[in-house]
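One file, protein.cif, carrying mmCIF, C-alpha atoms:
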data_coords
#
loop_
_atom_site.label_atom_id
_atom_site.label_comp_id
_atom_site.auth_asym_id
_atom_site.auth_seq_id
_atom_site.Cartn_x
_atom_site.Cartn_y
_atom_site.Cartn_z
CA MET A 153 0.00 0.00 0.00
CA ARG A 154 1.43 3.33 -1.00
CA TYR A 155 -0.03 5.47 1.83
CA PRO A 156 -0.37 3.11 4.86
CA THR A 157 -1.35 5.88 7.30
CA LEU A 158 -4.37 7.05 5.27
CA PRO A 159 -6.71 4.19 6.35
CA LEU A 160 -5.68 4.65 9.98
CA ALA A 161 -6.25 8.42 9.82
CA LEU A 162 -9.70 7.85 8.34
CA LEU A 163 -10.49 5.31 11.07
CA LEU A 164 -9.43 7.73 13.81
CA LEU A 165 -11.44 10.53 12.19
CA LEU A 166 -14.46 8.25 12.17
CA PHE A 167 -14.09 7.68 15.92
CA GLY A 168 -13.62 11.34 16.70
CA CYS A 169 -16.95 12.09 15.06
CA SER A 170 -18.87 9.17 16.57
CA ASP A 171 -18.83 10.13 20.28
CA ARG A 172 -22.08 12.14 20.03
CA HIS A 173 -24.19 9.18 18.84
CA SER A 174 -26.35 6.87 20.90
CA GLU A 175 -25.35 3.25 21.67
CA GLY A 176 -27.53 1.91 18.86
CA GLU A 177 -25.78 4.10 16.32
CA HIS A 178 -22.34 2.83 17.44
CA LYS A 179 -23.07 -0.65 16.10
CA ASN A 180 -21.98 0.34 12.60
CA VAL A 181 -18.76 2.06 13.66
CA ALA A 182 -15.51 0.08 13.92
CA PRO A 183 -13.95 0.04 17.39
CA GLN A 184 -10.92 2.22 17.97
CA ARG A 185 -7.50 0.68 17.57
CA PRO A 186 -5.93 0.02 21.02
CA THR A 187 -3.29 2.58 21.97
CA SER A 188 -0.24 2.58 24.23
CA SER A 189 -0.05 1.57 27.91
CA GLN A 190 -2.52 -1.23 27.45
CA PHE A 191 -1.99 -3.94 30.08
CA SER A 192 0.35 -6.55 31.49
CA VAL A 193 0.37 -10.31 32.01
CA ASP A 194 1.77 -11.61 35.28
CA VAL A 195 2.80 -15.27 34.96
CA ARG A 196 2.48 -16.91 38.38
CA LEU A 197 4.58 -20.09 38.53
CA SER A 198 4.33 -23.03 40.90
CA GLU A 199 7.44 -23.43 43.07
CA ALA A 200 8.59 -26.46 41.03
CA ALA A 201 8.12 -24.57 37.75
CA ARG A 202 9.95 -21.50 39.03
CA LYS A 203 12.89 -23.61 40.23
CA LYS A 204 13.16 -25.64 37.00
CA LEU A 205 12.93 -22.61 34.70
CA ILE A 206 15.56 -20.71 36.69
CA ASP A 207 17.89 -23.72 37.00
CA ASP A 208 17.59 -24.49 33.25
CA LYS A 209 17.83 -20.80 32.24
CA GLU A 210 14.47 -21.18 30.51
CA THR A 211 12.22 -18.33 29.39
CA ILE A 212 8.45 -17.91 29.19
CA VAL A 213 6.57 -16.82 26.08
CA VAL A 214 3.33 -14.87 26.49
CA GLY A 215 1.27 -14.75 23.29
CA LEU A 216 -1.94 -12.79 22.76
CA TYR A 217 -4.32 -13.43 19.86
CA PHE A 218 -6.90 -10.76 18.96
CA THR A 219 -10.15 -11.37 17.07
CA GLY A 220 -13.55 -9.75 16.66
CA HIS A 221 -17.06 -10.63 15.50
CA PRO A 222 -17.46 -9.62 11.86
CA LYS A 223 -19.91 -6.98 10.72
CA GLN A 224 -22.66 -8.29 8.50
CA GLY A 225 -21.37 -8.57 4.93
CA THR A 226 -17.67 -8.86 5.82
CA GLU A 227 -15.71 -10.47 3.00
CA ALA A 228 -14.64 -14.09 3.54
CA ARG A 229 -10.95 -13.21 3.14
CA TYR A 230 -11.05 -11.47 6.55
CA LEU A 231 -12.62 -14.43 8.36
CA ASP A 232 -10.93 -17.28 10.18
CA ILE A 233 -12.02 -20.56 8.59
CA LYS A 234 -12.68 -22.35 11.91
CA SER A 235 -14.18 -19.64 14.12
CA GLY A 236 -15.67 -17.28 11.53
CA ASP A 237 -14.16 -14.34 13.45
CA VAL A 238 -12.02 -11.55 12.01
CA ASP A 239 -8.31 -12.04 12.79
CA LEU A 240 -6.97 -8.73 14.13
CA GLY A 241 -3.41 -9.81 14.82
CA ASN A 242 -1.25 -11.16 17.60
CA VAL A 243 1.63 -10.12 19.80
CA ARG A 244 4.23 -12.12 21.63
CA GLN A 245 6.70 -11.34 24.39
CA GLU A 246 9.43 -13.49 25.90
CA ILE A 247 10.18 -12.97 29.60
CA HIS A 248 12.23 -14.60 32.36
CA PRO A 249 10.70 -16.20 35.47
CA GLY A 250 9.57 -13.48 37.87
CA GLU A 251 9.12 -10.84 35.15
CA THR A 252 5.83 -9.38 33.94
CA ALA A 253 4.99 -9.13 30.23
CA GLU A 254 4.10 -5.52 29.43
CA PHE A 255 2.06 -4.90 26.29
CA ASN A 256 2.13 -1.25 25.28
CA GLU A 257 2.09 -1.28 21.48
CA LEU A 258 -0.35 -3.75 19.99
CA ASN A 259 -0.43 -2.57 16.36
CA LEU A 260 -3.58 -4.44 15.40
CA ASN A 261 -4.57 -4.61 11.75
CA ALA A 262 -6.51 -1.37 11.08
CA ASP A 263 -8.11 -2.82 7.94
CA ALA A 264 -9.42 -5.83 9.89
CA LEU A 265 -10.52 -3.60 12.82
CA ALA A 266 -12.80 -1.74 10.42
CA ARG A 267 -14.61 -5.03 9.75
CA ILE A 268 -15.58 -6.00 13.31
CA ASP A 269 -18.91 -5.21 14.88
CA TRP A 270 -19.78 -2.99 17.84
CA GLN A 271 -18.69 -5.62 20.40
CA GLY A 272 -15.03 -4.72 19.80
CA ALA A 273 -11.85 -6.72 19.99
CA ARG A 274 -11.48 -9.91 22.03
CA PHE A 275 -8.30 -11.71 22.95
CA LEU A 276 -6.94 -15.04 24.17
CA THR A 277 -3.67 -15.66 26.02
CA ASN A 278 -1.28 -18.52 25.32
CA VAL A 279 1.64 -18.98 27.74
CA TYR A 280 4.37 -21.60 27.26
CA SER A 281 8.08 -22.17 27.89
CA GLY A 282 10.59 -20.62 25.50
CA ARG A 283 12.06 -24.01 24.49
CA ARG A 284 15.64 -22.94 25.17
CA SER A 285 16.49 -25.88 27.45
CA SER A 286 14.09 -28.40 25.91
CA LYS A 287 12.56 -28.89 22.47
CA ASP A 288 9.19 -29.39 24.18
CA ASN A 289 7.00 -27.01 26.14
CA LEU A 290 7.53 -27.48 29.88
CA LEU A 291 4.55 -25.50 31.17
CA ASP A 292 0.87 -26.20 31.69
CA CYS A 293 -0.75 -22.76 32.00
CA GLY A 294 -4.26 -21.51 32.40
CA ASP A 295 -5.60 -19.24 29.73
CA TYR A 296 -7.41 -15.97 29.86
CA GLY A 297 -9.64 -14.47 27.26
CA GLY A 298 -12.57 -12.25 26.61
CA SER A 299 -13.37 -8.68 25.75
CA PHE A 300 -10.36 -6.40 25.53
CA ASP A 301 -11.94 -3.31 27.14
CA PRO A 302 -12.18 -4.56 30.78
CA ILE A 303 -8.46 -5.30 30.99
CA ARG A 304 -7.16 -2.03 29.51
CA GLY A 305 -4.65 -0.49 31.88
CA GLY A 306 -4.78 -3.52 34.18
CA ALA A 307 -2.99 -6.78 34.77
CA ILE A 308 -3.96 -10.36 34.00
CA VAL A 309 -2.67 -13.21 36.15
CA VAL A 310 -1.97 -16.55 34.44
CA ASP A 311 -1.12 -19.52 36.67
CA CYS A 312 1.41 -22.07 35.39
CA GLN A 313 2.89 -25.30 36.60
CA LEU A 314 5.17 -27.86 35.03
CA ILE A 315 3.43 -30.35 32.76
CA GLU A 316 5.07 -33.09 34.82
CA GLU A 317 3.26 -31.72 37.91
CA GLN A 318 -0.05 -32.10 36.11
CA PHE A 319 0.77 -35.53 34.67
CA PRO A 320 3.46 -37.07 36.95
CA SER A 321 3.24 -40.60 35.47
CA ARG A 322 4.22 -39.34 31.99
CA SER A 323 7.48 -37.84 33.24
CA ARG A 324 8.67 -41.18 34.69
CA ARG A 325 8.68 -43.07 31.38
#
Would you encode the structure as structure tokens?
Amino acid sequence: MRYPTLPLALLLLLFGCSDRHSEGEHKNVAPQRPTSSQFSVDVRLSEAARKKLIDDKETIVVGLYFTGHPKQGTEARYLDIKSGDVDLGNVRQEIHPGETAEFNELNLNADALARIDWQGARFLTNVYSGRRSSKDNLLDCGDYGGSFDPIRGGAIVVDCQLIEEQFPSRSRR
């Protein structure tokens, strides 16, 4: 695209003009692209997981996947084949045990954002080991997902333990 900022400028202009409308009128306006200082993910490790990751100099990867419900008439090329949602993009951050993943710049696809309905962006977390000490993932982590708006400016806690803690008989083979 020759002028990549033009669609974003038009999208922001659209939002600036939409604040005076009622809730019903907002349904046809694309949600605003998330801005800086969004939120953080605090990975809370079991004692065994913390010890193993530190001893093995292993990292933790925190991935976030953003989607949205499509507006009526959205072209199929914007839709995920399995879910039917619009794929807005994803971000990933690698941290060390005890650190918090800070997500300030999300850079979601502005073209795709214009094709989601009034419900706005949703996200899903995926947390796993960085595979520096092992070719396999070492962690069994909870996930967190839902509407993006309630977590803006806040922190999410994701609990993790070693897979071998969850399935001890598999690690003894």
Original post:
What is the distance between CA of Asn289 (chain A) and CA of Ala307 (chain A), in Å to one decimal?
Top reply: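 Rounded to one decimal, the two atoms are 24.2 Å apart.
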I'd like the contact shell of Asn278 (chain A) - 8 Å cut-off, only C-alpha atoms, skipping same-chain residues fewer than 5 positions apart - returned as a compact mmCIF listing (two decimals) with C-alpha atoms, in the coordinates of the input.
# COMPACT_ATOMS: atom_id res chain seq x y z
CA VAL A 214 3.33 -14.87 26.49
CA GLY A 215 1.27 -14.75 23.29
CA LEU A 216 -1.94 -12.79 22.76
CA CYS A 293 -0.75 -22.76 32.00
CA ASP A 295 -5.60 -19.24 29.73
Subject >> Distance of CA of His248 (chain A) from CA of Ile212 (chain A), expressed in Å to one decimal place >> reply: 5.9 Å
**OP:** Kindly indicate which residue among A:Ile206, A:Ala264, A:Ser286, A:Arg274 lies nearest to Asp301 (chain A), using all atoms listed in the file for the distances.
**Re:**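 Under the stated criterion, the closest residue is A:Arg274.
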Original post:
Pick from A:Val243, A:Ala200, A:Leu258, A:Val279: nearest to Glu316 (chain A), with all atoms listed in the file counted?
Top reply: A:Ala200
**OP:** To verify the selection step, state as an MDAnalysis selection string which residues the PyMOL selection byres ((chain A and resi 250) around 9) yields on this input.
**Re:** chainID A and resid 194:197 202 247:249 251:252
Subject >> Distance criterion (only C-alpha atoms): nearest to Asn261 (chain A) out of A:Gly306, A:Gly225, A:Gly298, A:Gly241 >> reply: A:Gly241
